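Colleague: The following file, protein_19.cif, comprises mmCIF, C-alpha atoms:
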data_run
loop_
_atom_site.label_atom_id
_atom_site.label_comp_id
_atom_site.auth_asym_id
_atom_site.auth_seq_id
_atom_site.Cartn_x
_atom_site.Cartn_y
_atom_site.Cartn_z
CA MET K 69 40.81 -1.13 -67.43
CA THR K 70 44.24 -0.52 -68.98
CA GLU K 71 45.55 0.76 -65.67
CA ALA K 72 44.51 -2.44 -63.89
CA PHE K 73 46.23 -4.51 -66.54
CA GLU K 74 49.46 -2.50 -66.37
CA GLN K 75 49.57 -2.96 -62.60
CA LEU K 76 49.22 -6.72 -63.06
CA ARG K 77 51.59 -7.01 -66.05
CA PRO K 78 54.73 -7.79 -63.95
CA LEU K 79 52.88 -10.60 -62.16
CA LEU K 80 51.50 -12.01 -65.41
CA PHE K 81 54.92 -11.92 -67.08
CA SER K 82 56.47 -13.58 -64.02
CA ILE K 83 53.97 -16.43 -64.20
CA ALA K 84 54.28 -16.83 -67.98
CA TYR K 85 58.08 -16.73 -68.03
CA ARG K 86 58.40 -19.35 -65.30
CA MET K 87 55.84 -21.51 -67.06
CA LEU K 88 57.39 -21.22 -70.55
CA SER K 89 61.08 -20.36 -69.90
CA SER K 90 60.87 -18.01 -72.89
CA VAL K 91 60.81 -14.23 -72.77
CA ALA K 92 59.29 -13.85 -76.23
CA ASP K 93 56.59 -16.47 -75.62
CA ALA K 94 55.80 -15.00 -72.20
CA GLU K 95 55.34 -11.55 -73.69
CA ASP K 96 53.08 -12.97 -76.41
CA VAL K 97 50.95 -14.74 -73.81
CA VAL K 98 50.61 -11.61 -71.69
CA GLN K 99 49.56 -9.60 -74.76
CA GLU K 100 46.98 -12.23 -75.70
CA ALA K 101 45.68 -12.19 -72.12
CA TYR K 102 45.24 -8.42 -72.40
CA LEU K 103 43.26 -8.75 -75.64
CA ARG K 104 40.92 -11.26 -74.02
CA TYR K 105 40.59 -9.05 -70.97
CA HIS K 106 39.75 -6.08 -73.19
CA GLN K 107 37.06 -8.08 -74.97
CA ALA K 108 35.50 -9.34 -71.73
CA ALA K 109 36.12 -6.29 -69.54
CA GLN K 110 32.45 -5.57 -68.79
CA GLU K 111 31.99 -9.08 -67.40
CA VAL K 112 35.20 -9.25 -65.31
CA GLU K 113 34.72 -8.87 -61.56
CA SER K 114 38.35 -9.48 -60.59
CA PRO K 115 41.00 -8.45 -63.16
CA LYS K 116 43.68 -10.40 -61.23
CA ALA K 117 41.67 -13.62 -61.17
CA PHE K 118 40.66 -13.31 -64.81
CA LEU K 119 44.11 -12.41 -66.15
CA SER K 120 45.90 -15.00 -63.99
CA ALA K 121 43.55 -17.69 -65.29
CA VAL K 122 43.86 -16.68 -68.94
CA THR K 123 47.65 -16.37 -68.73
CA THR K 124 48.08 -19.74 -67.03
CA ARG K 125 45.71 -21.57 -69.38
CA LEU K 126 47.43 -20.11 -72.44
CA CYS K 127 50.76 -21.28 -71.03
CA ILE K 128 49.43 -24.79 -70.38
CA ASP K 129 48.17 -25.02 -73.96
CA GLN K 130 51.49 -23.80 -75.31
CA LEU K 131 53.51 -26.22 -73.18
CA ARG K 132 51.52 -29.17 -74.46
CA SER K 133 52.34 -28.26 -78.05
CA ALA K 134 55.95 -27.37 -77.22
CA ARG K 135 56.88 -30.85 -75.98
CA VAL K 136 57.11 -32.19 -79.53
CA ARG K 137 59.39 -29.31 -80.56
CA ARG K 138 61.62 -29.88 -77.52
CA GLU K 139 62.12 -33.52 -78.48
CA SER K 140 63.60 -32.49 -81.84
CA TYR K 141 65.77 -29.68 -80.41
CA VAL K 142 69.42 -29.96 -81.42
CA GLY K 143 71.74 -30.28 -78.44
CA ALA K 144 71.09 -29.17 -74.88
CA TRP K 145 67.97 -27.06 -74.27
CA LEU K 146 68.21 -24.16 -71.83
CA PRO K 147 65.71 -21.43 -70.90
CA GLU K 148 65.92 -18.04 -72.59
CA PRO K 149 68.10 -15.88 -70.32
CA LEU K 150 66.60 -12.93 -68.50
CA LEU K 151 68.88 -10.10 -67.38
CA THR K 152 67.54 -9.42 -63.91
CA ASP K 153 69.55 -6.29 -63.14
CA GLU K 154 67.78 -4.39 -65.92
CA ALA K 155 64.44 -3.23 -64.52
CA ASP K 156 63.64 -0.42 -66.95
CA ASP K 157 60.79 -2.42 -68.48
CA PRO K 158 57.98 -2.94 -65.93
CA ALA K 159 56.99 -6.19 -67.64
CA ARG K 160 60.40 -7.65 -66.78
CA ARG K 161 60.51 -6.69 -63.11
CA VAL K 162 60.22 -10.27 -62.01
CA VAL K 163 61.10 -11.37 -58.51
CA ASP K 164 64.84 -11.83 -58.14
CA SER K 165 64.74 -15.21 -56.43
CA ASP K 166 65.90 -18.78 -56.75
CA SER K 167 62.60 -19.64 -58.45
CA LEU K 168 63.85 -17.69 -61.45
CA SER K 169 67.20 -19.46 -61.82
CA MET K 170 67.93 -21.63 -64.84
CA SER K 171 68.46 -24.59 -62.52
CA PHE K 172 64.98 -24.13 -61.07
CA LEU K 173 63.38 -23.66 -64.48
CA LEU K 174 65.06 -26.85 -65.72
CA VAL K 175 63.60 -28.81 -62.80
CA LEU K 176 60.17 -27.36 -63.63
CA GLU K 177 60.59 -28.90 -67.09
CA ARG K 178 60.22 -32.31 -65.43
CA LEU K 179 56.66 -31.49 -64.36
CA SER K 180 53.56 -31.77 -66.51
CA PRO K 181 52.00 -28.44 -67.59
CA VAL K 182 49.25 -28.66 -64.95
CA GLU K 183 51.69 -29.71 -62.22
CA ARG K 184 53.90 -26.78 -63.13
CA ALA K 185 50.99 -24.36 -62.98
CA VAL K 186 49.71 -25.63 -59.62
CA PHE K 187 53.17 -25.59 -58.05
CA LEU K 188 54.06 -22.11 -59.28
CA LEU K 189 50.73 -20.50 -58.47
CA HIS K 190 50.58 -21.92 -54.95
CA ASP K 191 54.20 -22.24 -53.81
CA VAL K 192 55.83 -19.35 -55.66
CA PHE K 193 53.06 -16.78 -56.14
CA GLY K 194 50.97 -17.48 -53.06
CA TYR K 195 47.57 -18.29 -54.58
CA ASP K 196 45.45 -20.48 -52.30
CA TYR K 197 44.19 -23.81 -53.60
CA ARG K 198 40.68 -22.46 -54.10
CA GLU K 199 42.08 -19.81 -56.45
CA VAL K 200 44.37 -22.33 -58.16
CA ALA K 201 41.45 -24.71 -58.68
CA GLY K 202 39.52 -22.03 -60.53
CA ILE K 203 42.50 -21.25 -62.74
CA VAL K 204 43.41 -24.82 -63.76
CA GLU K 205 39.79 -26.00 -63.69
CA ARG K 206 40.31 -28.77 -61.15
CA SER K 207 38.88 -29.30 -57.67
CA PRO K 208 40.75 -27.81 -54.68
CA ASP K 209 41.41 -31.32 -53.31
CA ASN K 210 42.82 -32.44 -56.65
CA CYS K 211 45.04 -29.35 -56.75
CA ARG K 212 46.34 -30.17 -53.27
CA GLN K 213 47.26 -33.66 -54.44
CA ILE K 214 48.93 -32.27 -57.56
CA GLY K 215 50.77 -29.75 -55.41
CA VAL K 216 52.09 -32.40 -53.03
CA ARG K 217 53.32 -34.52 -55.93
CA ALA K 218 54.96 -31.57 -57.66
CA ARG K 219 56.53 -30.30 -54.45
CA ARG K 220 58.02 -33.71 -53.72
CA HIS K 221 59.49 -33.91 -57.21
CA MET K 222 60.92 -30.38 -56.99
CA ALA K 223 62.48 -31.17 -53.60
CA ASP K 224 64.12 -34.31 -54.98
CA HIS K 225 65.83 -32.31 -57.73
CA ALA K 226 66.09 -28.88 -56.11
CA PRO K 227 69.18 -26.90 -57.13
CA ARG K 228 71.63 -25.90 -54.42
CA PHE K 229 72.86 -22.33 -54.14
CA GLU K 230 75.37 -20.52 -51.95
CA ALA K 231 73.56 -19.52 -48.76
CA SER K 232 75.31 -16.16 -48.53
CA ARG K 233 74.52 -13.96 -51.50
CA SER K 234 77.55 -11.76 -50.83
CA GLU K 235 79.90 -14.78 -50.77
CA ARG K 236 78.24 -16.11 -53.93
CA ASP K 237 78.72 -12.84 -55.79
CA GLU K 238 82.33 -12.50 -54.63
CA LEU K 239 83.18 -16.02 -55.77
CA ALA K 240 81.43 -15.41 -59.10
CA GLN K 241 83.56 -12.30 -59.67
CA ARG K 242 86.71 -14.30 -59.00
CA PHE K 243 85.57 -17.03 -61.36
CA LEU K 244 84.82 -14.60 -64.20
CA ALA K 245 88.19 -12.91 -63.69
CA ALA K 246 90.02 -16.26 -63.76
CA PHE K 247 88.02 -17.31 -66.82
CA THR K 248 88.70 -14.18 -68.88
CA ASP K 249 92.39 -14.27 -67.89
CA GLY K 250 92.72 -17.95 -68.73
CA ASP K 251 94.09 -18.44 -65.21
CA VAL K 252 94.39 -22.23 -64.88
CA ASP K 253 95.31 -22.24 -61.19
CA GLY K 254 92.53 -19.80 -60.37
CA LEU K 255 89.96 -21.92 -62.21
CA VAL K 256 91.12 -25.13 -60.55
CA ALA K 257 90.73 -23.50 -57.14
CA LEU K 258 87.18 -22.31 -57.86
CA LEU K 259 85.60 -25.22 -59.73
CA ALA K 260 83.90 -28.16 -58.04
CA ALA K 261 85.45 -31.53 -58.87
CA ASP K 262 82.28 -32.57 -60.71
CA VAL K 263 81.59 -29.18 -62.29
CA VAL K 264 79.35 -29.23 -65.37
CA VAL K 265 79.30 -26.95 -68.41
CA GLN K 266 76.16 -26.88 -70.58
CA GLY K 267 75.81 -25.01 -73.85
CA ASP K 268 72.65 -24.19 -75.80
CA GLY K 269 73.49 -23.43 -79.41
CA GLY K 270 70.31 -24.79 -80.94
CA GLY K 271 72.40 -26.35 -83.68
CA HIS K 272 74.23 -23.09 -84.41
CA PRO K 273 78.03 -23.34 -84.21
CA PRO K 274 79.97 -23.21 -82.03
CA SER K 275 78.03 -25.45 -79.67
CA TRP K 276 78.47 -28.46 -77.42
CA PRO K 277 75.84 -31.15 -78.03
CA ASN K 278 76.71 -32.80 -74.72
CA ALA K 279 77.57 -31.48 -71.30
CA ILE K 280 81.25 -31.22 -70.34
CA VAL K 281 81.77 -32.79 -66.92
CA GLY K 282 84.74 -32.74 -64.56
CA ARG K 283 87.22 -30.08 -63.45
CA ASP K 284 90.05 -31.04 -65.84
CA LYS K 285 87.87 -31.06 -68.96
CA VAL K 286 86.11 -27.85 -67.96
CA VAL K 287 89.38 -26.02 -67.26
CA ARG K 288 90.68 -26.94 -70.73
CA LEU K 289 87.45 -25.74 -72.32
CA LEU K 290 87.41 -22.44 -70.40
CA VAL K 291 91.05 -21.70 -71.18
CA ALA K 292 90.38 -22.31 -74.89
CA LEU K 293 87.37 -19.98 -74.73
CA ALA K 294 89.48 -17.35 -72.94
CA ASN K 295 91.94 -17.47 -75.85
CA ASP K 296 89.06 -16.88 -78.26
CA ILE K 297 87.85 -13.96 -76.17
CA ARG K 298 91.25 -12.27 -76.23
CA THR K 299 91.91 -12.98 -79.92
CA LEU K 300 88.51 -11.77 -81.09
CA GLY K 301 88.44 -8.78 -78.76
CA LEU K 302 85.27 -9.93 -77.04
CA ILE K 303 84.03 -8.09 -73.96
CA VAL K 304 82.77 -9.97 -70.88
CA ARG K 305 80.42 -7.98 -68.65
CA PRO K 306 79.35 -9.43 -65.28
CA THR K 307 75.61 -9.19 -64.74
CA SER K 308 72.72 -10.87 -62.95
CA VAL K 309 71.09 -13.53 -65.13
CA ASN K 310 67.87 -15.14 -63.92
CA GLY K 311 68.63 -13.94 -60.41
CA GLN K 312 72.03 -15.65 -60.33
CA PRO K 313 75.59 -14.50 -61.14
CA GLY K 314 76.41 -14.44 -64.82
CA ALA K 315 77.83 -12.45 -67.68
CA THR K 316 77.05 -11.17 -71.14
CA VAL K 317 79.66 -11.46 -73.88
CA TYR K 318 79.82 -8.85 -76.63
CA ALA K 319 81.68 -8.46 -79.91
CA PRO K 320 83.81 -5.32 -80.41
CA ASP K 321 80.94 -3.70 -82.35
CA GLY K 322 78.58 -4.15 -79.39
CA GLY K 323 76.65 -7.13 -80.74
CA LEU K 324 75.71 -9.77 -78.19
CA VAL K 325 77.52 -13.12 -78.58
CA ASN K 326 76.21 -15.19 -75.68
CA VAL K 327 74.98 -15.15 -72.09
CA ILE K 328 76.59 -17.12 -69.26
CA THR K 329 75.12 -18.17 -65.92
CA VAL K 330 76.99 -19.60 -62.94
CA ASP K 331 75.59 -21.80 -60.15
CA ILE K 332 77.59 -21.65 -56.93
CA ALA K 333 77.18 -23.88 -53.89
CA ASP K 334 79.44 -25.12 -51.09
CA GLY K 335 82.02 -22.48 -51.96
CA ALA K 336 82.59 -23.68 -55.51
CA VAL K 337 81.29 -23.26 -59.04
CA GLN K 338 78.98 -26.21 -59.67
CA THR K 339 77.49 -25.45 -63.10
CA VAL K 340 78.25 -23.05 -65.94
CA ARG K 341 75.64 -22.57 -68.64
CA SER K 342 76.07 -20.71 -71.92
CA VAL K 343 73.22 -19.69 -74.23
CA ILE K 344 74.52 -18.84 -77.69
CA ASN K 345 71.46 -19.75 -79.77
CA PRO K 346 70.60 -16.43 -81.48
CA ASP K 347 66.88 -17.26 -81.38
CA LYS K 348 67.07 -17.12 -77.59
CA LEU K 349 69.05 -13.87 -77.44
CA ARG K 350 67.18 -11.54 -79.81
CA HIS K 351 65.10 -10.03 -76.99
CA LEU K 352 68.33 -8.72 -75.42
CA GLY K 353 69.33 -6.43 -78.29
CA PRO K 354 71.48 -6.47 -81.45
CA LEU K 355 73.41 -9.68 -82.00
CA ALA K 356 76.99 -10.14 -83.14
CA ASP K 357 77.82 -11.25 -86.67
CA ARG K 358 78.55 -14.87 -85.81
CA THR K 359 79.71 -15.72 -89.34
CA GLU K 360 82.38 -13.03 -89.18
CA LEU K 361 83.50 -14.10 -85.69
CA LEU K 362 83.72 -17.76 -86.69
CA ALA K 363 85.71 -16.85 -89.80
CA ARG K 364 88.19 -14.87 -87.71
CA ARG K 365 88.45 -17.72 -85.21
CA HIS K 366 89.03 -20.23 -88.02
CA ALA K 367 91.71 -18.01 -89.55
CA ARG K 368 93.52 -17.82 -86.21
CA LEU K 369 93.41 -21.58 -85.69
CA THR K 370 94.59 -22.45 -89.19
CA SER K 371 97.41 -19.91 -89.00
CA GLY K 372 98.55 -21.34 -85.69
CA GLY K 373 98.03 -18.01 -83.91
#
How does this structure look as structure tokens?

Modeller:
Amino acid sequence: MTEAFEQLRPLLFSIAYRMLSSVADAEDVVQEAYLRYHQAAQEVESPKAFLSAVTTRLCIDQLRSARVRRESYVGAWLPEPLLTDEADDPARRVVDSDSLSMSFLLVLERLSPVERAVFLLHDVFGYDYREVAGIVERSPDNCRQIGVRARRHMADHAPRFEASRSERDELAQRFLAAFTDGDVDGLVALLAADVVVQGDGGGHPPSWPNAIVGRDKVVRLLVALANDIRTLGLIVRPTSVNGQPGATVYAPDGGLVNVITVDIADGAVQTVRSVINPDKLRHLGPLADRTELLARRHARLTSGG
């Protein structure tokens, strides 16, 4: 019984994370699904069908209650980042694909919980509509209709990514180098004219309550951040975040400061997202002492350094 569950754990986590956009919540759902599986094991004919159904239904219930919390969230809301080049934990070996990107997850947020479940199960994970119907407790025909509606909505808002992964990764490396160096000319050459920067601080400083839009504004912001990085001795490490290019930023003592993702299309950086909300970073390891970093930054600014 436990062996069957462990084999299915990566799939269950993949479903739950895409449904909830939260690593911690996805892990909680998967654990709850296991407890229910353990209690009903003698009556379960198909572990995959049972666990997929329980996981999805738990996610739907959680999404319905989460909508109220999202409405009161301070500033921009972004998914919890997942470092997709770290596959030591089997539960986090999710498919490295565009369906994992923050852009994709943000489009999913536009769908209702049931629409999200039907779309993901059928279009991303390959369940047929008969299986989906049993999971979401609707008829197969109704699920087809839901799927068509969800697919149309996803297509209307689908994120664009660089077709060539090698070109994307090379451009991302150049962007991160220009960013950490505060290279104005390099940034101007790499950023799209309508580039957007989004920050999720959850009300914790420093944060940007609104998106920063436009190459000139974004260059000024990135150069200011580069100065902070050099002054505070922060370390920027390129990594894969949600299947897309990104970076983790660490304090000198090794504590995590924030996680950055970069969307690249048409040979330019289109969107930069930064998650600095500590509540969304705890699953990634020890966090930096933000109070100490902010105090040092304030001291530098007031001294004119």

Colleague: Please evaluate the PyMOL selection byres ((chain K and resi 297) around 12) against the displayed coordinates and give the resulting residues as a list of chain:residue names.

Modeller: K:Phe247, K:Thr248, K:Asp249, K:Gly250, K:Leu290, K:Val291, K:Ala292, K:Leu293, K:Ala294, K:Asn295, K:Asp296, K:Arg298, K:Thr299, K:Leu300, K:Gly301, K:Leu302, K:Ile303, K:Val304, K:Val317, K:Tyr318, K:Ala319, K:Pro320, K:Val325, K:Asn326, K:Leu361, K:Leu362, K:Arg364, K:Arg365

Colleague: Within 12 Å of (49.9, -29.1, -59.6) (file coordinates; all atoms listed in the file), which protein or nucleic acid residues are there? I'd like them as a PDB file with C-alpha atoms, keeping the file's coordinate frame.

Modeller:
ATOM      1  CA  ILE K 128      49.430 -24.790 -70.380  1.00  0.00           C
ATOM      2  CA  LEU K 176      60.170 -27.360 -63.630  1.00  0.00           C
ATOM      3  CA  LEU K 179      56.660 -31.490 -64.360  1.00  0.00           C
ATOM      4  CA  SER K 180      53.560 -31.770 -66.510  1.00  0.00           C
ATOM      5  CA  PRO K 181      52.000 -28.440 -67.590  1.00  0.00           C
ATOM      6  CA  VAL K 182      49.250 -28.660 -64.950  1.00  0.00           C
ATOM      7  CA  GLU K 183      51.690 -29.710 -62.220  1.00  0.00           C
ATOM      8  CA  ARG K 184      53.900 -26.780 -63.130  1.00  0.00           C
ATOM      9  CA  ALA K 185      50.990 -24.360 -62.980  1.00  0.00           C
ATOM     10  CA  VAL K 186      49.710 -25.630 -59.620  1.00  0.00           C
ATOM     11  CA  PHE K 187      53.170 -25.590 -58.050  1.00  0.00           C
ATOM     12  CA  LEU K 188      54.060 -22.110 -59.280  1.00  0.00           C
ATOM     13  CA  LEU K 189      50.730 -20.500 -58.470  1.00  0.00           C
ATOM     14  CA  HIS K 190      50.580 -21.920 -54.950  1.00  0.00           C
ATOM     15  CA  ASP K 191      54.200 -22.240 -53.810  1.00  0.00           C
ATOM     16  CA  TYR K 197      44.190 -23.810 -53.600  1.00  0.00           C
ATOM     17  CA  VAL K 200      44.370 -22.330 -58.160  1.00  0.00           C
ATOM     18  CA  ALA K 201      41.450 -24.710 -58.680  1.00  0.00           C
ATOM     19  CA  ILE K 203      42.500 -21.250 -62.740  1.00  0.00           C
ATOM     20  CA  VAL K 204      43.410 -24.820 -63.760  1.00  0.00           C
ATOM     21  CA  GLU K 205      39.790 -26.000 -63.690  1.00  0.00           C
ATOM     22  CA  ARG K 206      40.310 -28.770 -61.150  1.00  0.00           C
ATOM     23  CA  SER K 207      38.880 -29.300 -57.670  1.00  0.00           C
ATOM     24  CA  PRO K 208      40.750 -27.810 -54.680  1.00  0.00           C
ATOM     25  CA  ASP K 209      41.410 -31.320 -53.310  1.00  0.00           C
ATOM     26  CA  ASN K 210      42.820 -32.440 -56.650  1.00  0.00           C
ATOM     27  CA  CYS K 211      45.040 -29.350 -56.750  1.00  0.00           C
ATOM     28  CA  ARG K 212      46.340 -30.170 -53.270  1.00  0.00           C
ATOM     29  CA  GLN K 213      47.260 -33.660 -54.440  1.00  0.00           C
ATOM     30  CA  ILE K 214      48.930 -32.270 -57.560  1.00  0.00           C
ATOM     31  CA  GLY K 215      50.770 -29.750 -55.410  1.00  0.00           C
ATOM     32  CA  VAL K 216      52.090 -32.400 -53.030  1.00  0.00           C
ATOM     33  CA  ARG K 217      53.320 -34.520 -55.930  1.00  0.00           C
ATOM     34  CA  ALA K 218      54.960 -31.570 -57.660  1.00  0.00           C
ATOM     35  CA  ARG K 219      56.530 -30.300 -54.450  1.00  0.00           C
ATOM     36  CA  ARG K 220      58.020 -33.710 -53.720  1.00  0.00           C
ATOM     37  CA  HIS K 221      59.490 -33.910 -57.210  1.00  0.00           C
ATOM     38  CA  MET K 222      60.920 -30.380 -56.990  1.00  0.00           C
TER      39      MET K 222
END

Colleague: Which of these residues is nearest to Leu79 in chain K, using all atoms listed in the file: K:Arg132, K:Arg283, K:Lys116, K:His106?

Modeller: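 The closest residue to Leu79 in chain K is K:Lys116.
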
Colleague: List the residues matched by the PyMOL selection byres ((chain K and resi 115) around 12) in the displayed structure as JSON, numbers by chain, ordered by chain and then by residue number.

Modeller: {"K": [69, 70, 71, 72, 73, 74, 75, 76, 77, 80, 101, 102, 104, 105, 106, 108, 109, 110, 111, 112, 113, 114, 116, 117, 118, 119, 120, 121, 122, 123]}

Colleague: Neighbouring residues of Ser342 in chain K were defined as those with any atom within 10 Å, considering all atoms listed in the file; residues of the same chain fewer than 5 positions away were excluded. Please report them as a ChimeraX atom specification.

Modeller: /K:146,149,265-269,275-276,314-316,326-330

Colleague: Just say which residues the PyMOL selection byres ((chain K and resi 143) around 7) picks in this file, as a PDB file with C-alpha atoms, in the coordinates of the input.

Modeller:
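Okay, this is what ended up in part34.pdb:
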ATOM      1  CA  TYR K 141      65.770 -29.680 -80.410  1.00  0.00           C
ATOM      2  CA  VAL K 142      69.420 -29.960 -81.420  1.00  0.00           C
ATOM      3  CA  ALA K 144      71.090 -29.170 -74.880  1.00  0.00           C
ATOM      4  CA  TRP K 145      67.970 -27.060 -74.270  1.00  0.00           C
ATOM      5  CA  ASP K 268      72.650 -24.190 -75.800  1.00  0.00           C
ATOM      6  CA  GLY K 270      70.310 -24.790 -80.940  1.00  0.00           C
ATOM      7  CA  GLY K 271      72.400 -26.350 -83.680  1.00  0.00           C
ATOM      8  CA  PRO K 277      75.840 -31.150 -78.030  1.00  0.00           C
ATOM      9  CA  ASN K 278      76.710 -32.800 -74.720  1.00  0.00           C
TER      10      ASN K 278
END

Colleague: CA of Pro306 in chain K to CA of Val343 in chain K: how many Å, to one decimal?

Modeller: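 Separation of CA of Pro306 in chain K and CA of Val343 in chain K: 14.9 Å.
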
Colleague: When distances are computed from all atoms listed in the file, which of K:Leu151, K:Arg350, K:Ile344, K:Ala356 shows the smallest separation from Leu324 in chain K?

Modeller: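 The answer is K:Ala356, which sits nearest to Leu324 in chain K.
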